[in-house]
Amino acid sequence: MDTRQLEAFLGAVDAGSVTRAAGVLRVTQPTVTNRIKALERSLGAILLERLPGGVRPTRAGRSILKQAREIVRLSGHVRRIADASLTPQGKICVGAPESLVNHRLLPLIEYLLLRYPEMDVSLRLSPPQEAVTLLRNGQVDCVFMIGSGTSDEDLEHCDLCPEPFALVAGARLGSGHQGRAEPVSSILVSADLDVRHCGGLLDEVESTLRAGRTLHLDSITAVKRMAENGIGVGLLPEVTVAEDIADGRLRRVVDWRPATPTYTQALWRRGDIGHPALDAVLKAASDVVSAG
C-alpha cells in the first residue's frame, strides 16, 4: 500500500467516478483503476462498488475513509516539510473571477512571474461558486474572491483588503433621488459576485431600494453598461466603478454600505499550508494585494 493508492481510492469516492478522479489527479483512468485494485488486494477487501453511472464505497470502503484521508494528509505534510527549504517551483493554479483579476490581481501575477521564475503559475477564470468547487476538488490550489468569511470546514481563508460595494445608476438619468432610497425595476448583479457569500447583500439592497427583481449578468462590464442606460441599478465592488463615477458615466444611487463588511479573500484547502509554491502565492498576495 502507498499513498498514491489511497489518493486514487479517495479521488474515486469524492468524484463518484474513476474517470472523473483521473481528471482531478491528472493521471490516466487505467492508472487510477490499477491503483485501486492494488489497494484492494493489499487489504483483502473490495472497497468500491461499480455502478452503471460511477462508483460508491462499499461497507469496507466506508470503514477506512477517515483513516485514509488522515494518512494522505499526513503524507503530504511530511513532503511539504521536506520541501520547505526549497525555492518555490512547479505548477500552481489560481482561481479567480474576472473582476478581481482586472482590478486587484494583475500586480500579484506580475510579482509572481518576476520573483519566482521557476514557478509555473496558471490562472483559471471562474465565478466564485465554481472556483470554490474547483478548489475543493483539487483542480486549483487557491482561490481569490469577494466575501465575508467562509463556513466551509474544509477550507481556510484570509482577508486581504476591504472590498466595499456601491449601488450605481446612469448619471445622465438625473440625481434627484441621490442620498435616499428610490424604487427601481431591477438590481443588476454580475456572475462574478457570489452574493450568498457576502452577508446577504441582496436582501439588504432589495430592502433599501424596494426593487422588483434581480438580474444576474455574465460580466461586470455588462452590469455597468446596463446601469448606465437605465436598465436597473448595479450592485458592484467600488473598485470596479470608481473610474466610471469619476468620469460621470455612473452615479451612486444611495450612500449605502452593507451591514457585514466584505473583503477580497484568499481561500485554500485546510492543511495545504507548507507547500512552498502555495505559501509564496499567499505571502505575495498579503504583501501586494493588501498594499494596493
# chains A, B, ... in the order shown; residues from 1 in each chain; ligands from 1
call {"tool": "select_by_dssp", "arguments": {"residues": "range 6-123 of chain A", "states": "strand (DSSP E)", "output": "short mmCIF file (atom, residue, chain, number, x, y, z; two decimals) with all heavy atoms, in the first residue's frame"}}
result
data_model
loop_
_atom_site.label_atom_id
_atom_site.label_comp_id
_atom_site.auth_asym_id
_atom_site.auth_seq_id
_atom_site.Cartn_x
_atom_site.Cartn_y
_atom_site.Cartn_z
N LEU A 48 -14.73 -0.51 -3.49
CA LEU A 48 -15.66 0.27 -4.31
C LEU A 48 -16.67 -0.64 -4.99
O LEU A 48 -16.31 -1.72 -5.49
CB LEU A 48 -14.90 1.06 -5.39
CG LEU A 48 -14.04 2.24 -4.93
CD1 LEU A 48 -13.34 2.86 -6.12
CD2 LEU A 48 -14.87 3.28 -4.20
N GLU A 49 -17.90 -0.18 -5.01
CA GLU A 49 -18.95 -0.88 -5.74
C GLU A 49 -19.08 -0.20 -7.10
O GLU A 49 -19.32 1.00 -7.19
CB GLU A 49 -20.27 -0.80 -4.97
CG GLU A 49 -21.42 -1.50 -5.68
CD GLU A 49 -22.73 -1.36 -4.91
OE1 GLU A 49 -22.71 -0.73 -3.83
OE2 GLU A 49 -23.74 -1.87 -5.41
N ARG A 50 -18.92 -0.98 -8.17
CA ARG A 50 -19.00 -0.44 -9.52
C ARG A 50 -20.47 -0.37 -9.94
O ARG A 50 -21.17 -1.38 -9.94
CB ARG A 50 -18.21 -1.30 -10.51
CG ARG A 50 -16.71 -0.99 -10.55
CD ARG A 50 -15.98 -1.39 -9.28
NE ARG A 50 -14.52 -1.20 -9.39
CZ ARG A 50 -13.68 -1.44 -8.40
NH1 ARG A 50 -14.12 -1.88 -7.22
NH2 ARG A 50 -12.39 -1.23 -8.58
N LEU A 51 -20.92 0.83 -10.31
CA LEU A 51 -22.30 1.07 -10.72
C LEU A 51 -22.32 1.53 -12.18
O LEU A 51 -21.30 1.98 -12.71
CB LEU A 51 -22.94 2.13 -9.83
CG LEU A 51 -22.92 1.86 -8.32
CD1 LEU A 51 -23.40 3.09 -7.57
CD2 LEU A 51 -23.80 0.66 -8.00
N GLY A 54 -21.13 5.15 -12.21
CA GLY A 54 -19.94 5.53 -11.47
C GLY A 54 -19.60 4.51 -10.40
O GLY A 54 -19.78 3.30 -10.59
N VAL A 55 -19.12 4.97 -9.25
CA VAL A 55 -18.73 4.08 -8.16
C VAL A 55 -19.19 4.67 -6.84
O VAL A 55 -19.45 5.87 -6.73
CB VAL A 55 -17.20 3.87 -8.12
CG1 VAL A 55 -16.70 3.18 -9.36
CG2 VAL A 55 -16.47 5.20 -7.89
N ARG A 56 -19.28 3.80 -5.82
CA ARG A 56 -19.53 4.26 -4.46
C ARG A 56 -18.82 3.30 -3.50
O ARG A 56 -18.60 2.12 -3.85
CB ARG A 56 -21.03 4.32 -4.16
CG ARG A 56 -21.73 2.98 -4.12
CD ARG A 56 -23.22 3.17 -3.90
NE ARG A 56 -23.92 1.88 -3.90
CZ ARG A 56 -25.25 1.77 -3.97
NH1 ARG A 56 -26.01 2.85 -4.03
NH2 ARG A 56 -25.82 0.57 -3.97
N PRO A 57 -18.44 3.78 -2.33
CA PRO A 57 -17.69 2.92 -1.42
C PRO A 57 -18.56 1.80 -0.85
O PRO A 57 -19.73 2.00 -0.55
CB PRO A 57 -17.23 3.88 -0.31
CG PRO A 57 -18.22 5.00 -0.35
CD PRO A 57 -18.62 5.14 -1.79
N GLY A 90 7.54 24.69 -9.63
CA GLY A 90 6.49 23.77 -10.04
C GLY A 90 5.20 24.49 -10.38
O GLY A 90 5.12 25.72 -10.38
N LYS A 91 4.18 23.71 -10.66
CA LYS A 91 2.90 24.25 -11.11
C LYS A 91 2.02 24.64 -9.92
O LYS A 91 1.96 23.95 -8.92
CB LYS A 91 2.16 23.23 -11.97
CG LYS A 91 2.85 22.90 -13.28
CD LYS A 91 2.03 21.93 -14.11
CE LYS A 91 2.70 21.64 -15.44
NZ LYS A 91 1.89 20.70 -16.27
N ILE A 92 1.33 25.75 -10.08
CA ILE A 92 0.29 26.14 -9.12
C ILE A 92 -0.81 26.84 -9.91
O ILE A 92 -0.54 27.69 -10.77
CB ILE A 92 0.83 27.03 -7.99
CG1 ILE A 92 -0.27 27.29 -6.96
CG2 ILE A 92 1.40 28.33 -8.52
CD1 ILE A 92 0.23 27.80 -5.63
N CYS A 93 -2.05 26.47 -9.64
CA CYS A 93 -3.20 27.01 -10.37
C CYS A 93 -4.04 27.85 -9.43
O CYS A 93 -4.39 27.41 -8.34
CB CYS A 93 -4.03 25.87 -10.97
SG CYS A 93 -5.38 26.44 -12.02
N VAL A 94 -4.34 29.06 -9.86
CA VAL A 94 -5.11 30.02 -9.06
C VAL A 94 -6.44 30.26 -9.75
O VAL A 94 -6.50 30.48 -10.96
CB VAL A 94 -4.33 31.34 -8.94
CG1 VAL A 94 -5.16 32.39 -8.20
CG2 VAL A 94 -3.00 31.11 -8.22
N GLY A 95 -7.53 30.24 -8.97
CA GLY A 95 -8.85 30.54 -9.49
C GLY A 95 -9.32 31.90 -9.01
O GLY A 95 -9.07 32.28 -7.87
N ALA A 96 -10.01 32.63 -9.89
CA ALA A 96 -10.50 33.97 -9.52
C ALA A 96 -11.51 34.44 -10.55
O ALA A 96 -11.43 34.06 -11.72
CB ALA A 96 -9.35 34.97 -9.43
N MET A 119 8.46 29.03 -10.89
CA MET A 119 7.07 28.64 -10.64
C MET A 119 6.27 28.77 -11.93
O MET A 119 6.39 29.76 -12.65
CB MET A 119 6.44 29.52 -9.55
CG MET A 119 6.74 29.08 -8.14
SD MET A 119 6.05 30.22 -6.89
CE MET A 119 4.35 30.36 -7.41
N ASP A 120 5.46 27.77 -12.21
CA ASP A 120 4.57 27.79 -13.37
C ASP A 120 3.17 28.14 -12.87
O ASP A 120 2.42 27.29 -12.42
CB ASP A 120 4.58 26.41 -14.04
CG ASP A 120 3.68 26.35 -15.27
OD1 ASP A 120 3.14 27.40 -15.65
OD2 ASP A 120 3.52 25.26 -15.84
N VAL A 121 2.85 29.44 -12.93
CA VAL A 121 1.58 29.94 -12.39
C VAL A 121 0.54 29.99 -13.51
O VAL A 121 0.77 30.59 -14.56
CB VAL A 121 1.75 31.34 -11.78
CG1 VAL A 121 0.43 31.83 -11.20
CG2 VAL A 121 2.84 31.34 -10.73
N SER A 122 -0.59 29.35 -13.29
CA SER A 122 -1.70 29.43 -14.24
C SER A 122 -2.91 30.01 -13.54
O SER A 122 -3.08 29.86 -12.33
CB SER A 122 -2.03 28.06 -14.83
OG SER A 122 -2.43 27.15 -13.82
N LEU A 123 -3.73 30.70 -14.31
CA LEU A 123 -4.89 31.40 -13.77
C LEU A 123 -6.15 30.87 -14.44
O LEU A 123 -6.22 30.80 -15.66
CB LEU A 123 -4.75 32.90 -14.02
CG LEU A 123 -5.81 33.82 -13.43
CD1 LEU A 123 -5.79 33.75 -11.91
CD2 LEU A 123 -5.56 35.26 -13.89
#
call {"tool": "select_by_dssp", "arguments": {"residues": "range 153-265 of chain A", "states": "helix (DSSP H, G or I)", "output": "compact mmCIF listing (two decimals) with N, CA, C and O atoms, in the first residue's frame"}}
result
# COMPACT_ATOMS: atom_id res chain seq x y z
N ALA A 171 -25.60 58.18 -14.73
CA ALA A 171 -25.51 59.55 -14.24
C ALA A 171 -26.44 60.48 -14.99
O ALA A 171 -27.00 61.41 -14.42
N ARG A 172 -26.65 60.23 -16.29
CA ARG A 172 -27.44 61.16 -17.09
C ARG A 172 -28.95 61.04 -16.83
O ARG A 172 -29.74 61.82 -17.33
N LEU A 173 -29.34 60.05 -15.99
CA LEU A 173 -30.77 59.86 -15.73
C LEU A 173 -31.29 60.81 -14.66
O LEU A 173 -32.44 60.76 -14.29
N VAL A 195 -23.21 36.51 -4.21
CA VAL A 195 -23.79 37.30 -3.13
C VAL A 195 -24.14 36.44 -1.93
O VAL A 195 -24.29 36.94 -0.82
N ARG A 196 -24.27 35.13 -2.10
CA ARG A 196 -24.56 34.26 -0.96
C ARG A 196 -23.41 34.26 0.04
O ARG A 196 -23.58 33.94 1.21
N HIS A 197 -22.20 34.62 -0.42
CA HIS A 197 -21.04 34.66 0.47
C HIS A 197 -20.71 36.09 0.89
O HIS A 197 -19.63 36.37 1.37
N LEU A 201 -26.21 40.43 0.88
CA LEU A 201 -26.27 41.76 0.28
C LEU A 201 -27.57 42.01 -0.47
O LEU A 201 -28.14 43.10 -0.39
N LEU A 202 -28.04 41.01 -1.19
CA LEU A 202 -29.24 41.24 -1.99
C LEU A 202 -30.44 41.58 -1.12
O LEU A 202 -31.24 42.45 -1.46
N ASP A 203 -30.59 40.88 0.01
CA ASP A 203 -31.70 41.19 0.90
C ASP A 203 -31.63 42.63 1.38
O ASP A 203 -32.65 43.34 1.44
N GLU A 204 -30.43 43.08 1.71
CA GLU A 204 -30.26 44.44 2.17
C GLU A 204 -30.60 45.45 1.07
O GLU A 204 -31.28 46.45 1.31
N VAL A 205 -30.12 45.15 -0.14
CA VAL A 205 -30.35 46.07 -1.25
C VAL A 205 -31.82 46.14 -1.61
O VAL A 205 -32.38 47.22 -1.84
N GLU A 206 -32.48 45.00 -1.67
CA GLU A 206 -33.90 44.98 -2.01
C GLU A 206 -34.71 45.75 -0.97
O GLU A 206 -35.67 46.45 -1.30
N SER A 207 -34.31 45.63 0.30
CA SER A 207 -35.00 46.38 1.35
C SER A 207 -34.76 47.87 1.20
O SER A 207 -35.66 48.69 1.42
N THR A 208 -33.55 48.24 0.80
CA THR A 208 -33.21 49.66 0.66
C THR A 208 -33.89 50.30 -0.55
O THR A 208 -34.39 51.42 -0.47
N LEU A 209 -33.91 49.57 -1.65
CA LEU A 209 -34.38 50.17 -2.90
C LEU A 209 -35.80 49.79 -3.30
O LEU A 209 -36.33 50.33 -4.26
N ILE A 220 -18.97 42.15 -15.24
CA ILE A 220 -19.00 43.46 -14.62
C ILE A 220 -19.32 44.52 -15.67
O ILE A 220 -20.11 45.43 -15.44
N THR A 221 -18.70 44.43 -16.84
CA THR A 221 -18.92 45.41 -17.90
C THR A 221 -20.38 45.46 -18.31
O THR A 221 -20.94 46.54 -18.51
N ALA A 222 -21.01 44.29 -18.41
CA ALA A 222 -22.43 44.26 -18.80
C ALA A 222 -23.29 44.95 -17.75
O ALA A 222 -24.23 45.69 -18.09
N VAL A 223 -23.00 44.73 -16.48
CA VAL A 223 -23.76 45.39 -15.41
C VAL A 223 -23.61 46.90 -15.52
O VAL A 223 -24.60 47.65 -15.43
N LYS A 224 -22.39 47.37 -15.70
CA LYS A 224 -22.16 48.82 -15.77
C LYS A 224 -22.88 49.44 -16.97
O LYS A 224 -23.49 50.50 -16.85
N ARG A 225 -22.80 48.79 -18.12
CA ARG A 225 -23.43 49.36 -19.32
C ARG A 225 -24.94 49.39 -19.19
O ARG A 225 -25.59 50.34 -19.62
N MET A 226 -25.54 48.34 -18.61
CA MET A 226 -26.99 48.33 -18.43
C MET A 226 -27.43 49.38 -17.42
O MET A 226 -28.43 50.07 -17.62
N ALA A 227 -26.67 49.51 -16.33
CA ALA A 227 -26.99 50.55 -15.35
C ALA A 227 -26.85 51.93 -15.98
O ALA A 227 -27.70 52.82 -15.76
N GLU A 228 -25.82 52.12 -16.78
CA GLU A 228 -25.60 53.40 -17.44
C GLU A 228 -26.77 53.77 -18.35
O GLU A 228 -27.10 54.96 -18.50
N GLU A 238 -16.84 48.73 -5.28
CA GLU A 238 -16.49 50.12 -5.56
C GLU A 238 -15.30 50.23 -6.50
O GLU A 238 -15.25 51.12 -7.36
N VAL A 239 -14.33 49.35 -6.34
CA VAL A 239 -13.11 49.45 -7.14
C VAL A 239 -13.41 49.30 -8.63
O VAL A 239 -12.69 49.84 -9.47
N THR A 240 -14.49 48.61 -8.98
CA THR A 240 -14.80 48.38 -10.39
C THR A 240 -15.55 49.55 -11.03
O THR A 240 -15.68 49.59 -12.26
N VAL A 241 -16.07 50.48 -10.22
CA VAL A 241 -16.85 51.60 -10.78
C VAL A 241 -16.25 52.96 -10.43
O VAL A 241 -16.82 53.99 -10.78
N ALA A 242 -15.11 52.97 -9.75
CA ALA A 242 -14.52 54.26 -9.32
C ALA A 242 -14.27 55.18 -10.51
O ALA A 242 -14.60 56.37 -10.48
N GLU A 243 -13.68 54.65 -11.59
CA GLU A 243 -13.39 55.48 -12.76
C GLU A 243 -14.67 55.94 -13.44
O GLU A 243 -14.76 57.07 -13.93
N ASP A 244 -15.68 55.06 -13.49
CA ASP A 244 -16.94 55.42 -14.14
C ASP A 244 -17.63 56.55 -13.39
O ASP A 244 -18.23 57.44 -14.01
N ILE A 245 -17.58 56.53 -12.06
CA ILE A 245 -18.18 57.60 -11.26
C ILE A 245 -17.39 58.90 -11.44
O ILE A 245 -17.96 59.98 -11.63
N ALA A 246 -16.06 58.79 -11.42
CA ALA A 246 -15.22 59.98 -11.60
C ALA A 246 -15.42 60.61 -12.97
O ALA A 246 -15.40 61.84 -13.11
call {"tool": "atom_distance", "arguments": {"atom1": "CA of Val254 in chain A", "atom2": "CA of Leu167 in chain A"}}
result
6.7 Å
call {"tool": "residues_around", "arguments": {"residues": "Arg20 in chain A", "least_positions_apart": "5", "cutoff": "9 Å", "atoms": "only C-alpha atoms", "output": "JSON, numbers by chain"}}
result
{"A": [11, 12, 15, 25, 29]}
call {"tool": "write_last_selection", "arguments": {"atoms": "C-alpha atoms", "output": "JSON list (two decimals), in the first residue's frame"}}
result
[["chain", "number", "residue", "atom", "x", "y", "z"],
["A", 11, "GLY", "CA", -10.46, 10.55, -5.53],
["A", 12, "ALA", "CA", -12.93, 7.99, -6.89],
["A", 15, "ALA", "CA", -15.77, 12.31, -7.57],
["A", 25, "LEU", "CA", -5.49, 13.56, -10.06],
["A", 29, "GLN", "CA", -8.14, 6.31, -15.95]]
call {"tool": "closest_residue", "arguments": {"among": "A:Asn102, A:Ser186, A:Ser148, A:Asn137", "to": "Gly200 in chain A", "atoms": "only C-alpha atoms"}}
result
A:Ser148
call {"tool": "closest_atom_pairs", "arguments": {"of": "range 54-147 of chain A", "to": "range 256-270 of chain A", "cutoff": "8 Å", "atoms": "only C-alpha atoms", "output": "Markdown table"}}
result
| residue | atom | partner | partner_atom | distance |
| --- | --- | --- | --- | --- |
| A:Leu135 | CA | A:Trp268 | CA | 7.1 |
| A:Arg136 | CA | A:Arg269 | CA | 6.9 |
| A:Asp141 | CA | A:Trp268 | CA | 6.5 |
| A:Cys142 | CA | A:Trp268 | CA | 4.7 |
| A:Val143 | CA | A:Leu267 | CA | 5.1 |
| A:Phe144 | CA | A:Ala266 | CA | 4.6 |
| A:Met145 | CA | A:Gln265 | CA | 5.5 |
| A:Ile146 | CA | A:Thr264 | CA | 4.5 |
| A:Gly147 | CA | A:Thr262 | CA | 5.3 |
call {"tool": "write_last_selection", "arguments": {"atoms": "N, CA and C atoms", "output": "PDB file, in the first residue's frame"}}
result
ATOM      1  N   LEU A 135     -11.605  24.273  -6.129  1.00  0.00           N
ATOM      2  CA  LEU A 135     -10.646  24.219  -5.024  1.00  0.00           C
ATOM      3  C   LEU A 135     -10.861  22.966  -4.191  1.00  0.00           C
ATOM      4  N   ARG A 136     -12.102  22.698  -3.843  1.00  0.00           N
ATOM      5  CA  ARG A 136     -12.405  21.512  -3.033  1.00  0.00           C
ATOM      6  C   ARG A 136     -12.007  20.226  -3.758  1.00  0.00           C
ATOM      7  N   ASP A 141      -5.323  25.391  -6.730  1.00  0.00           N
ATOM      8  CA  ASP A 141      -4.620  25.340  -5.442  1.00  0.00           C
ATOM      9  C   ASP A 141      -5.071  26.417  -4.472  1.00  0.00           C
ATOM     10  N   CYS A 142      -5.551  27.531  -4.980  1.00  0.00           N
ATOM     11  CA  CYS A 142      -6.124  28.570  -4.131  1.00  0.00           C
ATOM     12  C   CYS A 142      -7.076  29.405  -4.962  1.00  0.00           C
ATOM     13  N   VAL A 143      -7.925  30.147  -4.281  1.00  0.00           N
ATOM     14  CA  VAL A 143      -8.963  30.931  -4.940  1.00  0.00           C
ATOM     15  C   VAL A 143      -8.983  32.322  -4.337  1.00  0.00           C
ATOM     16  N   PHE A 144      -9.185  33.320  -5.189  1.00  0.00           N
ATOM     17  CA  PHE A 144      -9.423  34.686  -4.735  1.00  0.00           C
ATOM     18  C   PHE A 144     -10.863  35.054  -5.075  1.00  0.00           C
ATOM     19  N   MET A 145     -11.569  35.630  -4.124  1.00  0.00           N
ATOM     20  CA  MET A 145     -12.952  36.010  -4.339  1.00  0.00           C
ATOM     21  C   MET A 145     -13.337  37.106  -3.355  1.00  0.00           C
ATOM     22  N   ILE A 146     -14.514  37.681  -3.550  1.00  0.00           N
ATOM     23  CA  ILE A 146     -15.032  38.686  -2.632  1.00  0.00           C
ATOM     24  C   ILE A 146     -16.038  38.016  -1.708  1.00  0.00           C
ATOM     25  N   GLY A 147     -15.879  38.214  -0.401  1.00  0.00           N
ATOM     26  CA  GLY A 147     -16.779  37.574   0.537  1.00  0.00           C
ATOM     27  C   GLY A 147     -16.636  38.139   1.931  1.00  0.00           C
TER      28      GLY A 147
END
call {"tool": "atom_distance", "arguments": {"atom1": "CA of Arg252 in chain A", "atom2": "CA of Gly234 in chain A"}}
result
9.5 Å
call {"tool": "closest_residue", "arguments": {"among": "A:Glu153, A:Asp14, A:Glu7, A:Asp279", "to": "Thr33 in chain A", "atoms": "only C-alpha atoms"}}
result
A:Glu7
call {"tool": "atom_distance", "arguments": {"atom1": "CA of Gly232 in chain A", "atom2": "CA of Glu163 in chain A"}}
result
22.1 Å
call {"tool": "closest_residue", "arguments": {"among": "A:Ala21, A:Met1, A:Val72, A:Ile109", "to": "Ala285 in chain A", "atoms": "only C-alpha atoms"}}
result
A:Ile109
call {"tool": "residues_around", "arguments": {"residues": "Ala45 in chain A", "least_positions_apart": "3", "cutoff": "9 Å", "atoms": "only C-alpha atoms", "output": "JSON list (two decimals) with N, CA, C and O atoms, in the first residue's frame"}}
result
[["chain", "number", "residue", "atom", "x", "y", "z"],
["A", 39, "LEU", "N", -4.71, -1.58, -4.06],
["A", 39, "LEU", "CA", -5.08, -1.31, -2.67],
["A", 39, "LEU", "C", -6.04, -2.38, -2.15],
["A", 39, "LEU", "O", -5.89, -2.87, -1.02],
["A", 40, "GLU", "N", -7.01, -2.75, -2.97],
["A", 40, "GLU", "CA", -7.96, -3.79, -2.57],
["A", 40, "GLU", "C", -7.26, -5.12, -2.33],
["A", 40, "GLU", "O", -7.56, -5.85, -1.37],
["A", 41, "ARG", "N", -6.28, -5.44, -3.19],
["A", 41, "ARG", "CA", -5.53, -6.69, -3.00],
["A", 41, "ARG", "C", -4.74, -6.66, -1.70],
["A", 41, "ARG", "O", -4.69, -7.64, -0.95],
["A", 42, "SER", "N", -4.10, -5.52, -1.41],
["A", 42, "SER", "CA", -3.27, -5.45, -0.20],
["A", 42, "SER", "C", -4.11, -5.52, 1.07],
["A", 42, "SER", "O", -3.65, -6.01, 2.10],
["A", 60, "ALA", "N", -16.75, -1.87, 3.55],
["A", 60, "ALA", "CA", -15.31, -1.87, 3.89],
["A", 60, "ALA", "C", -14.66, -0.55, 3.49],
["A", 60, "ALA", "O", -13.82, -0.01, 4.21],
["A", 61, "GLY", "N", -15.07, -0.03, 2.31],
["A", 61, "GLY", "CA", -14.51, 1.25, 1.87],
["A", 61, "GLY", "C", -14.87, 2.38, 2.80],
["A", 61, "GLY", "O", -14.03, 3.22, 3.14]]
call {"tool": "closest_residue", "arguments": {"among": "A:Thr31, A:Cys158, A:Thr19, A:Leu114", "to": "Lys283 in chain A", "atoms": "only C-alpha atoms"}}
result
A:Cys158
call {"tool": "decode", "arguments": {"residues": "range 9-17 of chain A", "atoms": "all heavy atoms", "output": "short mmCIF file (atom, residue, chain, number, x, y, z; two decimals), in the first residue's frame"}}
result
data_model
loop_
_atom_site.label_atom_id
_atom_site.label_comp_id
_atom_site.auth_asym_id
_atom_site.auth_seq_id
_atom_site.Cartn_x
_atom_site.Cartn_y
_atom_site.Cartn_z
N PHE A 9 -8.19 5.93 -4.48
CA PHE A 9 -9.43 5.48 -3.84
C PHE A 9 -10.26 6.68 -3.38
O PHE A 9 -11.46 6.78 -3.67
CB PHE A 9 -9.10 4.56 -2.67
CG PHE A 9 -10.23 4.33 -1.72
CD1 PHE A 9 -11.39 3.67 -2.13
CD2 PHE A 9 -10.16 4.78 -0.40
CE1 PHE A 9 -12.44 3.47 -1.24
CE2 PHE A 9 -11.20 4.57 0.49
CZ PHE A 9 -12.35 3.92 0.06
N LEU A 10 -9.64 7.62 -2.67
CA LEU A 10 -10.36 8.79 -2.17
C LEU A 10 -10.86 9.66 -3.33
O LEU A 10 -11.97 10.21 -3.27
CB LEU A 10 -9.46 9.62 -1.26
CG LEU A 10 -9.08 8.95 0.08
CD1 LEU A 10 -8.04 9.79 0.81
CD2 LEU A 10 -10.31 8.75 0.95
N GLY A 11 -10.04 9.77 -4.37
CA GLY A 11 -10.46 10.55 -5.53
C GLY A 11 -11.71 9.98 -6.18
O GLY A 11 -12.62 10.71 -6.57
N ALA A 12 -11.76 8.64 -6.30
CA ALA A 12 -12.93 7.99 -6.89
C ALA A 12 -14.16 8.16 -6.01
O ALA A 12 -15.27 8.40 -6.50
CB ALA A 12 -12.64 6.51 -7.14
N VAL A 13 -13.97 8.06 -4.70
CA VAL A 13 -15.10 8.24 -3.78
C VAL A 13 -15.63 9.67 -3.87
O VAL A 13 -16.84 9.91 -3.97
CB VAL A 13 -14.67 7.92 -2.33
CG1 VAL A 13 -15.76 8.35 -1.34
CG2 VAL A 13 -14.40 6.44 -2.18
N ASP A 14 -14.73 10.64 -3.83
CA ASP A 14 -15.15 12.05 -3.83
C ASP A 14 -15.79 12.45 -5.15
O ASP A 14 -16.75 13.23 -5.17
CB ASP A 14 -13.96 12.95 -3.53
CG ASP A 14 -13.45 12.79 -2.11
OD1 ASP A 14 -14.20 12.26 -1.26
OD2 ASP A 14 -12.29 13.17 -1.84
N ALA A 15 -15.25 11.94 -6.25
CA ALA A 15 -15.77 12.31 -7.57
C ALA A 15 -16.96 11.44 -7.98
O ALA A 15 -17.70 11.80 -8.89
CB ALA A 15 -14.67 12.20 -8.62
N GLY A 16 -17.11 10.27 -7.33
CA GLY A 16 -18.17 9.35 -7.71
C GLY A 16 -17.92 8.64 -9.01
O GLY A 16 -18.80 7.99 -9.57
N SER A 17 -16.68 8.71 -9.49
CA SER A 17 -16.34 8.13 -10.78
C SER A 17 -14.83 7.98 -10.89
O SER A 17 -14.09 8.89 -10.51
CB SER A 17 -16.85 9.04 -11.91
OG SER A 17 -16.21 8.75 -13.14
#
